[in-house]
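Undergrad: Data file input-v9.cif (mmCIF, C-alpha atoms and all ligand atoms) is appended below.
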```cif
data_structure
loop_
_atom_site.label_atom_id
_atom_site.label_comp_id
_atom_site.auth_asym_id
_atom_site.auth_seq_id
_atom_site.Cartn_x
_atom_site.Cartn_y
_atom_site.Cartn_z
CA MET A 1 -42.43 -74.56 13.04
CA ALA A 2 -40.36 -77.69 12.64
CA LEU A 3 -39.79 -80.80 14.70
CA LEU A 4 -36.05 -81.05 15.35
CA ILE A 5 -34.05 -83.87 16.88
CA GLN A 6 -30.86 -82.47 18.41
CA LYS A 7 -28.28 -85.01 19.54
CA TYR A 8 -25.27 -83.83 21.54
CA GLY A 9 -22.18 -86.04 21.61
CA GLY A 10 -19.83 -86.45 24.55
CA SER A 11 -17.24 -84.13 22.93
CA SER A 12 -19.86 -81.35 22.99
CA ILE A 13 -20.30 -81.72 26.75
CA PRO A 14 -16.90 -82.31 28.38
CA SER A 15 -17.84 -79.99 31.29
CA LEU A 16 -20.76 -78.52 33.19
CA ALA A 17 -20.09 -75.18 31.49
CA ARG A 18 -20.61 -76.89 28.14
CA ILE A 19 -23.86 -78.48 29.39
CA LYS A 20 -25.08 -74.95 30.12
CA ALA A 21 -23.94 -73.75 26.67
CA VAL A 22 -25.73 -76.65 24.97
CA ALA A 23 -28.88 -75.89 27.00
CA GLN A 24 -28.76 -72.35 25.58
CA ARG A 25 -28.65 -73.68 22.03
CA ILE A 26 -31.61 -75.97 22.75
CA ALA A 27 -33.57 -73.16 24.42
CA ALA A 28 -32.88 -70.85 21.45
CA ALA A 29 -34.37 -73.38 19.00
CA HIS A 30 -37.35 -73.83 21.33
CA HIS A 31 -37.86 -70.07 21.64
CA ALA A 32 -37.69 -69.76 17.85
CA GLY A 33 -40.89 -71.83 17.82
CA HIS A 34 -39.53 -75.29 17.01
CA ASP A 35 -40.46 -78.52 18.72
CA VAL A 36 -37.15 -79.90 19.95
CA VAL A 37 -36.41 -83.47 21.06
CA VAL A 38 -32.95 -83.71 22.62
CA VAL A 39 -30.78 -86.84 22.73
CA MET A 40 -27.79 -86.71 25.06
CA SER A 41 -24.60 -88.77 25.08
CA ALA A 42 -22.67 -89.22 28.30
CA MET A 43 -20.26 -86.40 29.16
CA GLY A 44 -16.89 -86.80 27.44
CA GLY A 45 -14.80 -89.56 29.05
CA THR A 46 -17.63 -90.89 31.25
CA THR A 47 -18.24 -94.14 29.39
CA ASP A 48 -14.50 -94.91 29.38
CA GLN A 49 -14.36 -94.23 33.13
CA LEU A 50 -17.32 -96.53 33.80
CA LEU A 51 -15.72 -99.25 31.68
CA ALA A 52 -12.44 -98.86 33.58
CA GLN A 53 -14.27 -99.12 36.91
CA ALA A 54 -15.96 -102.32 35.80
CA GLN A 55 -12.58 -103.72 34.71
CA ASP A 56 -11.10 -102.82 38.11
CA ILE A 57 -13.78 -104.91 39.78
CA THR A 58 -13.61 -107.89 37.46
CA ALA A 59 -11.98 -108.88 34.19
CA ALA A 60 -15.26 -110.39 33.03
CA PRO A 61 -18.26 -108.30 34.08
CA LEU A 62 -21.60 -109.85 33.17
CA PRO A 63 -22.92 -108.14 30.01
CA ARG A 64 -26.22 -107.43 31.77
CA GLU A 65 -24.50 -105.57 34.59
CA LEU A 66 -22.15 -103.76 32.23
CA ASP A 67 -25.17 -102.39 30.37
CA ALA A 68 -26.83 -101.39 33.65
CA LEU A 69 -23.65 -99.49 34.51
CA LEU A 70 -22.91 -97.86 31.15
CA ALA A 71 -26.50 -96.66 30.69
CA THR A 72 -26.08 -94.37 33.72
CA GLY A 73 -23.61 -92.08 31.89
CA GLU A 74 -26.29 -90.78 29.52
CA GLN A 75 -28.82 -90.45 32.34
CA VAL A 76 -26.48 -88.13 34.25
CA SER A 77 -25.85 -85.73 31.35
CA ASN A 78 -29.53 -85.89 30.39
CA ALA A 79 -30.82 -84.88 33.83
CA LEU A 80 -28.16 -82.16 34.17
CA THR A 81 -29.15 -80.68 30.80
CA ALA A 82 -32.82 -80.71 31.82
CA MET A 83 -31.85 -78.77 34.98
CA ALA A 84 -29.84 -76.28 32.91
CA LEU A 85 -32.90 -75.77 30.68
CA HIS A 86 -35.13 -75.19 33.73
CA ASP A 87 -32.66 -72.56 34.85
CA LEU A 88 -33.14 -70.81 31.51
CA GLY A 89 -36.90 -70.78 32.06
CA ALA A 90 -37.69 -73.61 29.63
CA GLU A 91 -39.87 -76.57 30.56
CA ALA A 92 -37.92 -79.77 30.02
CA CYS A 93 -38.24 -83.41 31.07
CA SER A 94 -35.44 -85.99 31.07
CA LEU A 95 -36.34 -89.54 30.02
CA THR A 96 -34.31 -92.75 30.06
CA GLY A 97 -34.23 -94.77 26.85
CA TRP A 98 -37.00 -97.06 28.09
CA GLN A 99 -39.17 -94.17 29.29
CA ALA A 100 -38.86 -92.86 25.75
CA GLY A 101 -40.06 -96.24 24.41
CA ILE A 102 -36.82 -97.47 22.82
CA LEU A 103 -37.22 -101.27 22.59
CA THR A 104 -34.30 -103.45 21.58
CA SER A 105 -33.00 -106.92 20.92
CA ARG A 106 -31.43 -108.85 23.79
CA ASP A 107 -27.79 -108.42 22.68
CA HIS A 108 -26.19 -106.67 25.63
CA GLY A 109 -23.55 -104.22 24.50
CA SER A 110 -24.64 -104.27 20.86
CA ALA A 111 -28.43 -104.23 20.97
CA ASP A 112 -30.45 -103.31 17.88
CA ILE A 113 -33.50 -101.08 18.13
CA ILE A 114 -36.52 -103.16 17.16
CA ASP A 115 -39.31 -100.71 17.95
CA VAL A 116 -39.86 -97.17 19.17
CA CYS A 117 -43.03 -96.27 21.09
CA PRO A 118 -42.41 -92.62 21.96
CA HIS A 119 -45.70 -91.83 23.75
CA ARG A 120 -44.06 -89.85 26.54
CA VAL A 121 -41.95 -87.91 24.06
CA ARG A 122 -45.07 -86.94 22.09
CA ASP A 123 -46.89 -86.11 25.28
CA ALA A 124 -44.13 -83.74 26.36
CA LEU A 125 -44.13 -82.05 22.95
CA ASP A 126 -47.90 -81.65 23.07
CA HIS A 127 -47.54 -79.79 26.37
CA GLY A 128 -44.75 -77.49 25.18
CA VAL A 129 -42.18 -79.39 27.24
CA ILE A 130 -38.74 -80.23 25.79
CA PRO A 131 -38.20 -83.99 26.11
CA LEU A 132 -34.59 -85.09 26.63
CA VAL A 133 -33.83 -88.73 25.89
CA ALA A 134 -30.78 -90.53 27.29
CA GLY A 135 -28.97 -91.94 24.24
CA PHE A 136 -27.32 -95.33 23.65
CA GLN A 137 -29.82 -97.37 25.70
CA GLY A 138 -33.10 -99.19 25.52
CA LEU A 139 -35.13 -101.97 27.04
CA GLU A 140 -35.24 -105.59 25.99
CA PRO A 141 -38.98 -106.25 26.37
CA GLY A 142 -38.80 -109.99 27.15
CA ASP A 143 -36.83 -109.70 30.39
CA ALA A 144 -37.39 -105.94 30.80
CA ASP A 145 -33.61 -105.55 31.01
CA VAL A 146 -31.53 -102.49 30.19
CA THR A 147 -29.49 -102.76 26.99
CA THR A 148 -26.91 -100.54 25.29
CA PHE A 149 -26.08 -100.21 21.61
CA GLY A 150 -22.28 -100.16 21.44
CA ARG A 151 -19.89 -97.22 21.31
CA GLY A 152 -21.33 -94.11 19.69
CA GLY A 153 -24.81 -95.56 20.06
CA SER A 154 -26.52 -92.27 20.95
CA ASP A 155 -26.45 -91.46 17.23
CA THR A 156 -28.78 -94.42 16.70
CA THR A 157 -31.17 -93.19 19.39
CA ALA A 158 -31.41 -89.86 17.55
CA VAL A 159 -32.00 -91.47 14.16
CA ALA A 160 -34.60 -93.90 15.54
CA LEU A 161 -36.54 -91.06 17.20
CA ALA A 162 -36.31 -88.98 14.02
CA ALA A 163 -37.81 -91.87 12.04
CA ALA A 164 -40.53 -92.67 14.60
CA LEU A 165 -41.56 -89.04 15.08
CA LYS A 166 -41.14 -88.16 11.37
CA ALA A 167 -38.94 -85.26 12.41
CA ASP A 168 -38.14 -82.49 9.96
CA ALA A 169 -34.43 -82.59 10.83
CA CYS A 170 -32.04 -84.85 12.72
CA GLU A 171 -29.14 -82.71 13.90
CA ILE A 172 -26.06 -84.51 15.21
CA TYR A 173 -23.91 -82.05 17.18
CA THR A 174 -20.23 -82.77 17.59
CA ASP A 175 -16.95 -80.90 18.16
CA VAL A 176 -16.00 -80.52 14.48
CA ALA A 177 -17.76 -78.74 11.62
CA GLY A 178 -19.27 -81.83 10.01
CA VAL A 179 -18.05 -84.87 8.08
CA TYR A 180 -14.53 -84.18 6.77
CA THR A 181 -12.55 -85.37 3.75
CA ALA A 182 -10.30 -87.08 6.35
CA ASP A 183 -9.95 -87.00 10.13
CA PRO A 184 -8.90 -83.35 10.69
CA LYS A 185 -6.78 -84.44 13.66
CA VAL A 186 -4.65 -86.49 11.23
CA VAL A 187 -4.87 -84.33 8.10
CA PRO A 188 -4.86 -80.61 9.01
CA GLU A 189 -6.01 -79.54 5.52
CA ALA A 190 -9.05 -81.86 5.53
CA ARG A 191 -12.29 -80.02 4.79
CA PRO A 192 -15.91 -80.53 5.77
CA LEU A 193 -18.11 -81.95 3.01
CA ALA A 194 -21.32 -80.02 2.31
CA CYS A 195 -23.28 -83.18 1.60
CA LEU A 196 -22.89 -86.86 0.85
CA THR A 197 -25.10 -89.89 0.34
CA HIS A 198 -26.03 -92.46 2.98
CA GLN A 199 -24.02 -95.00 1.05
CA HIS A 200 -20.87 -92.89 1.11
CA MET A 201 -21.40 -92.15 4.79
CA ARG A 202 -21.91 -95.85 5.42
CA GLU A 203 -18.63 -96.69 3.69
CA MET A 204 -16.86 -94.00 5.71
CA ALA A 205 -18.27 -95.21 9.04
CA ALA A 206 -17.52 -98.84 8.16
CA SER A 207 -13.91 -98.02 7.31
CA GLY A 208 -13.11 -96.10 10.47
CA ALA A 209 -14.66 -92.59 10.38
CA LYS A 210 -15.78 -91.91 13.93
CA VAL A 211 -18.10 -88.97 13.32
CA LEU A 212 -21.22 -91.17 13.07
CA ALA A 213 -21.68 -94.69 14.44
CA LEU A 214 -22.17 -97.26 11.66
CA PRO A 215 -25.50 -98.68 12.95
CA SER A 216 -26.96 -95.16 13.02
CA VAL A 217 -26.07 -94.61 9.36
CA GLU A 218 -27.56 -97.97 8.42
CA TYR A 219 -30.73 -97.17 10.35
CA ALA A 220 -30.92 -93.74 8.68
CA ARG A 221 -30.49 -95.29 5.26
CA ARG A 222 -33.17 -97.92 5.85
CA HIS A 223 -35.66 -95.33 7.11
CA GLY A 224 -34.69 -92.50 4.75
CA VAL A 225 -33.65 -90.17 7.57
CA ALA A 226 -31.50 -87.23 6.46
CA LEU A 227 -28.78 -86.33 8.97
CA HIS A 228 -27.27 -82.94 9.59
CA VAL A 229 -23.85 -83.23 11.26
CA ARG A 230 -22.83 -79.93 12.85
CA SER A 231 -20.56 -78.35 15.41
CA SER A 232 -22.07 -77.41 18.76
CA TYR A 233 -19.28 -74.84 19.17
CA ASP A 234 -20.20 -72.53 16.27
CA ASP A 235 -22.77 -71.96 13.55
CA SER A 236 -20.87 -73.37 10.58
CA PRO A 237 -23.15 -75.04 8.00
CA GLY A 238 -22.10 -78.64 8.70
CA THR A 239 -22.71 -81.69 6.50
CA VAL A 240 -25.99 -83.09 5.22
CA VAL A 241 -26.17 -86.87 4.76
CA SER A 242 -29.08 -87.55 2.45
CA ASP A 243 -29.89 -89.39 -0.73
CA THR A 244 -32.01 -86.71 -2.33
CA SER A 245 -29.75 -83.68 -2.32
CA SER A 246 -26.42 -85.46 -2.72
CA GLU A 247 -27.17 -87.85 -5.60
CA ALA A 248 -28.09 -84.88 -7.76
CA ALA A 249 -24.83 -83.26 -6.77
CA TYR A 250 -22.76 -86.23 -8.01
CA PRO A 251 -23.46 -86.79 -11.69
CA GLN A 252 -21.26 -89.79 -12.32
CA GLN A 253 -18.74 -89.64 -15.11
CA GLY A 254 -15.56 -91.29 -14.05
CA PRO A 255 -14.29 -92.03 -10.59
CA SER A 256 -14.60 -89.62 -7.71
CA VAL A 257 -12.96 -89.87 -4.30
CA ILE A 258 -14.72 -87.95 -1.56
CA ALA A 259 -12.79 -88.95 1.56
CA VAL A 260 -9.90 -90.90 3.05
CA THR A 261 -10.69 -92.87 6.19
CA HIS A 262 -8.51 -94.95 8.46
CA ASN A 263 -8.84 -97.61 11.07
CA PRO A 264 -5.93 -98.06 13.49
CA HIS A 265 -7.69 -100.96 15.19
CA SER A 266 -7.36 -103.56 12.47
CA ALA A 267 -5.55 -106.82 12.79
CA LYS A 268 -4.69 -108.86 9.75
CA ILE A 269 -5.44 -112.54 9.63
CA ALA A 270 -4.06 -114.54 6.75
CA LEU A 271 -5.44 -118.00 6.07
CA PRO A 272 -2.94 -119.96 4.00
CA GLY A 273 -4.17 -123.16 2.44
CA PRO A 274 -5.90 -124.60 -0.56
CA LEU A 275 -6.21 -121.30 -2.36
CA GLY A 276 -2.56 -121.65 -3.32
CA PRO A 277 0.43 -119.44 -2.64
CA ALA A 278 -1.55 -116.23 -2.12
CA PRO A 279 -3.12 -116.43 1.35
CA ALA A 280 -6.68 -115.30 1.87
CA THR A 281 -6.48 -112.22 4.05
CA LEU A 282 -9.10 -110.54 6.17
CA THR A 283 -8.94 -107.82 8.74
CA VAL A 284 -10.87 -107.63 11.98
CA ARG A 285 -11.04 -105.02 14.68
CA ARG A 286 -8.00 -105.61 16.85
CA PRO A 287 -9.81 -106.23 20.17
CA ALA A 288 -11.67 -109.05 18.48
CA SER A 289 -8.63 -110.60 16.92
CA ALA A 290 -7.84 -113.11 19.64
CA SER A 291 -11.26 -114.68 19.36
CA ALA A 292 -11.28 -114.28 15.59
CA ARG A 293 -7.95 -116.10 15.55
CA ARG A 294 -9.47 -118.94 17.45
CA SER A 295 -12.77 -119.24 15.68
CA THR A 296 -12.13 -118.20 12.10
CA PRO A 297 -9.51 -120.75 11.08
CA LEU A 298 -11.52 -123.48 12.75
CA SER A 299 -14.72 -122.64 10.94
CA TYR A 300 -12.85 -122.21 7.66
CA ALA A 301 -10.82 -125.31 8.23
CA SER A 302 -13.83 -127.54 8.66
CA HIS A 303 -15.16 -126.50 5.27
CA THR A 304 -12.07 -125.87 3.23
CA GLY A 305 -9.14 -127.61 4.85
CA TYR A 306 -7.24 -124.41 5.59
CA GLY A 307 -4.00 -124.84 7.45
CA ASP A 308 -2.73 -122.75 10.35
CA SER A 309 -3.62 -119.11 10.28
CA PHE A 310 -1.13 -116.31 10.59
CA HIS A 311 -2.08 -113.10 12.33
CA ASP A 312 -0.48 -109.70 12.49
CA GLU A 313 -1.75 -107.21 15.03
CA CYS A 314 0.55 -104.40 13.85
CA THR A 315 -1.65 -103.65 10.89
CA ALA A 316 -4.00 -100.81 10.19
CA THR A 317 -6.19 -99.95 7.23
CA ALA A 318 -6.72 -96.79 5.20
CA SER A 319 -9.50 -96.41 2.64
CA LEU A 320 -10.53 -94.20 -0.22
CA VAL A 321 -14.30 -93.70 -0.27
CA GLY A 322 -16.05 -92.53 -3.41
CA SER A 323 -17.82 -93.72 -6.53
CA GLY A 324 -16.83 -95.59 -9.69
CA LEU A 325 -13.63 -96.83 -8.06
CA HIS A 326 -13.83 -100.40 -9.32
CA ALA A 327 -14.97 -99.51 -12.79
CA HIS A 328 -12.09 -97.05 -13.25
CA PRO A 329 -8.75 -98.72 -12.45
CA GLU A 330 -6.86 -95.43 -12.69
CA THR A 331 -7.86 -94.69 -9.09
CA ALA A 332 -6.01 -97.77 -7.82
CA ALA A 333 -3.07 -96.88 -10.07
CA THR A 334 -2.92 -93.34 -8.63
CA LEU A 335 -3.11 -94.82 -5.14
CA ARG A 336 -0.21 -97.16 -5.87
CA ARG A 337 1.92 -94.31 -7.24
CA ALA A 338 1.13 -92.11 -4.22
CA MET A 339 2.14 -94.87 -1.81
CA GLU A 340 5.31 -95.62 -3.72
CA ARG A 341 6.24 -91.94 -3.87
CA ALA A 342 5.79 -91.73 -0.08
CA GLY A 343 7.85 -94.93 0.33
CA ILE A 344 5.12 -96.71 2.29
CA PRO A 345 4.81 -100.50 1.97
CA PHE A 346 1.19 -101.63 1.71
CA THR A 347 -1.11 -104.39 0.47
CA LEU A 348 -4.25 -103.73 -1.49
CA LEU A 349 -7.08 -105.38 0.44
CA THR A 350 -10.41 -104.43 -1.11
CA VAL A 351 -11.55 -102.70 -4.27
CA THR A 352 -15.28 -102.10 -4.64
CA ASP A 353 -17.11 -99.42 -6.50
CA THR A 354 -17.33 -97.25 -3.40
CA ARG A 355 -14.17 -98.16 -1.50
CA ILE A 356 -10.51 -99.06 -1.92
CA THR A 357 -8.83 -100.30 1.26
CA VAL A 358 -5.12 -100.81 1.84
CA VAL A 359 -3.40 -102.54 4.74
CA CYS A 360 -0.25 -100.96 6.18
CA HIS A 361 1.80 -101.10 9.37
CA HIS A 362 0.10 -98.97 12.01
CA ALA A 363 3.33 -96.98 12.51
CA VAL A 364 2.90 -95.49 9.01
CA LEU A 365 -0.86 -95.04 9.13
CA THR A 366 -0.73 -91.26 9.56
CA ASP A 367 1.72 -90.96 6.63
CA THR A 368 -0.57 -93.16 4.54
CA VAL A 369 -3.68 -91.09 5.22
CA ARG A 370 -1.81 -87.85 4.49
CA ALA A 371 -0.31 -89.23 1.27
CA LEU A 372 -3.69 -90.41 0.03
CA HIS A 373 -5.43 -87.18 0.96
CA LYS A 374 -2.72 -85.22 -0.85
CA ALA A 375 -3.00 -87.40 -3.95
CA PHE A 376 -6.80 -87.38 -4.18
CA LEU A 377 -8.24 -84.49 -2.23
CA THR A 378 -5.77 -81.70 -1.59
CA HIS A 379 -4.97 -80.42 -5.07
CA MET A 380 -8.39 -79.63 -6.33
CA PRO A 381 -8.69 -77.44 -9.38
CA GLU A 382 -9.24 -73.79 -8.56
CA PRO A 383 -11.67 -72.21 -8.89
CA ALA A 384 -13.69 -75.10 -7.54
CA VAL A 385 -15.64 -77.02 -10.15
CA PRO A 386 -19.30 -77.24 -9.16
CA ARG A 387 -19.40 -80.97 -9.95
CA ARG A 388 -19.19 -81.86 -6.29
CA SER A 389 -20.94 -79.89 -3.64
CA SER A 390 -17.99 -80.41 -1.27
CA ARG A 391 -16.06 -78.06 -3.51
CA LEU A 392 -18.83 -75.53 -3.36
CA ALA A 393 -18.67 -75.69 0.40
CA LEU A 394 -15.01 -74.77 0.23
CA ARG A 395 -15.84 -71.43 -1.24
CA SER A 396 -18.68 -70.52 1.03
N1 LIG B 1 -21.54 -92.80 25.71
C1 LIG B 1 -21.42 -93.80 24.68
C2 LIG B 1 -20.00 -93.85 24.15
O1 LIG B 1 -19.14 -93.17 24.66
C3 LIG B 1 -22.42 -93.64 23.59
C4 LIG B 1 -22.32 -92.35 22.80
O2 LIG B 1 -21.58 -91.46 23.20
O3 LIG B 1 -22.98 -92.22 21.78
O4 LIG B 1 -19.73 -94.60 23.27
MG MG B 2 -20.12 -90.17 18.36
#
```
Just give me the structure as structure tokens.
TA:
Amino acid sequence: MALLIQKYGGSSIPSLARIKAVAQRIAAAHHAGHDVVVVMSAMGGTTDQLLAQAQDITAAPLPRELDALLATGEQVSNALTAMALHDLGAEACSLTGWQAGILTSRDHGSADIIDVCPHRVRDALDHGVIPLVAGFQGLEPGDADVTTFGRGGSDTTAVALAAALKADACEIYTDVAGVYTADPKVVPEARPLACLTHQHMREMAASGAKVLALPSVEYARRHGVALHVRSSYDDSPGTVVSDTSSEAAYPQQGPSVIAVTHNPHSAKIALPGPLGPAPATLTVRRPASASARRSTPLSYASHTGYGDSFHDECTATASLVGSGLHAHPETAATLRRAMERAGIPFTLLTVTDTRITVVCHHAVLTDTVRALHKAFLTHMPEPAVPRRSSRLALRS
């Protein structure tokens, strides 16, 4: 008998019919003898609707009230799933984030989990009851106010509960078969990876992969929580994010690229000035660019005497994620050739050992991602070489 955390994302529950289907999967694990702790996201589209309603009331809702509003989405799906479980004859109990003992910092909209005191969750398990925890929310203990964690934050709830309860598995259910070599909506031939390290997953999430929220991957890495990303629509094997199984699967000789990620929401800010003719360039998420435009040049200017900044909101970024990328310049050379062959103008932004990021116009972002996937990940030698487990997964 194992203790399983099962987190269901909004794309797994776009409808009441899907809530019933998910309840069946939970009940099946429970009937098989496992202890199951469920973490629910809001039903697909709910958080966006709540945000739009707030915007219709006021352009500047107070962060405290926005959190109070957004936290309701997860409570709705959580209670409905508990009812669906009751209907299947299972005992289940829905809990808000604070009932489940999720304590956070005070940062409304981007709160960090600072402690987890899951007494009620343990109590439910001890009595054979399935506890369901509303994701993405907690309580700031000073003011006893509701907080939320930022978009995709239910992943972090699942990881934090897995760490606090020392769960045997932390299953993240979504609408695709795991973590892919690229976004399968952009690159049809992208494939699910069998396993990857926390560091690779962190690089992917930080450079635009949406499958796991970045703070959840960082939390998992800090606490050594292995994640199993799976589809709630079928029984495909999914992707394991862990440092034990995957490191062994990646003996490092030479560079290896495991995925291409992209971020359409980048805006480029160039800071011309004392560094000479080549401007210092950074990218920020586009919604933040107006404020970044205001604050960044000022803070730089006071220290370095930078002149006026230039910003370009038509930019996007695409990244190669892998290992040995800095130490082996042939990867950047292959990237350059692939981009030139595809006729796509770009600037090289970052080269680290685990990531190479390019900046391009967002109109050619899809072409960029496809060109890079084709150059690095489509033409793999056949039969698959068992150097990378992702190739093994291809054959299974
Ligand atoms: N409902 C929130 C969102 O849409 C949190 C989550 O789904 O994890 O971002
Ligand atoms: Mg998500």
Undergrad: Under the rule that all atoms listed in the file are counted, which of A:Gly33, A:Gly152, A:Gly101, A:Gly238 is the nearest residue to Val176 in chain A?
TA: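 That would be A:Gly238, the residue with the smallest distance to Val176 in chain A.
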Undergrad: Quick one: which chain A residues come within 7 Å of ligand MG 2 (chain B), and what is the nearest atom pair for each with the distance in Å to one decimal, counting only C-alpha atoms and all ligand atoms, rows ordered by chain and ascending number, as JSON lines?
TA:
```
{"residue": "A:Gly9", "atom": "CA", "partner": "B:MG2", "partner_atom": "MG", "distance": 5.6}
{"residue": "A:Gly152", "atom": "CA", "partner": "B:MG2", "partner_atom": "MG", "distance": 4.3}
{"residue": "A:Asp155", "atom": "CA", "partner": "B:MG2", "partner_atom": "MG", "distance": 6.6}
{"residue": "A:Lys210", "atom": "CA", "partner": "B:MG2", "partner_atom": "MG", "distance": 6.4}
{"residue": "A:Val211", "atom": "CA", "partner": "B:MG2", "partner_atom": "MG", "distance": 5.6}
{"residue": "A:Leu212", "atom": "CA", "partner": "B:MG2", "partner_atom": "MG", "distance": 5.5}
{"residue": "A:Ala213", "atom": "CA", "partner": "B:MG2", "partner_atom": "MG", "distance": 6.2}
```
Undergrad: Do you have the CA of Arg355 in chain A-CA of Ala316 in chain A distance handy?
TA: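 Here the two named atoms are 15.7 Å from each other.
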Undergrad: Ligand LIG 1 (chain B): which residues are within 9 Å, counting all atoms listed in the file? Reply as a VMD selection string.
TA: chain A and resid 8 to 11 40 to 48 70 to 71 73 to 74 135 to 137 148 to 157 212 to 213
Undergrad: Measuring between only C-alpha atoms, which one of A:Leu193, A:Val369, A:Ile57, A:Ala158 shows the shortest distance to Val39 in chain A?
TA: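 Of the candidates, the smallest distance to Val39 in chain A is held by A:Ala158.
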Undergrad: Within 8 Å of Cys360 in chain A, counting all atoms listed in the file, which residues show up once you throw out same-chain ones fewer than 5 positions away? Write them as a ChimeraX atom specification, please.
TA: /A:315-318,344-347,365,368
Undergrad: Between CA of Gly254 in chain A and CA of Leu325 in chain A, what is the spacing in Å?
TA: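 Here the two named atoms are 8.4 Å from each other.
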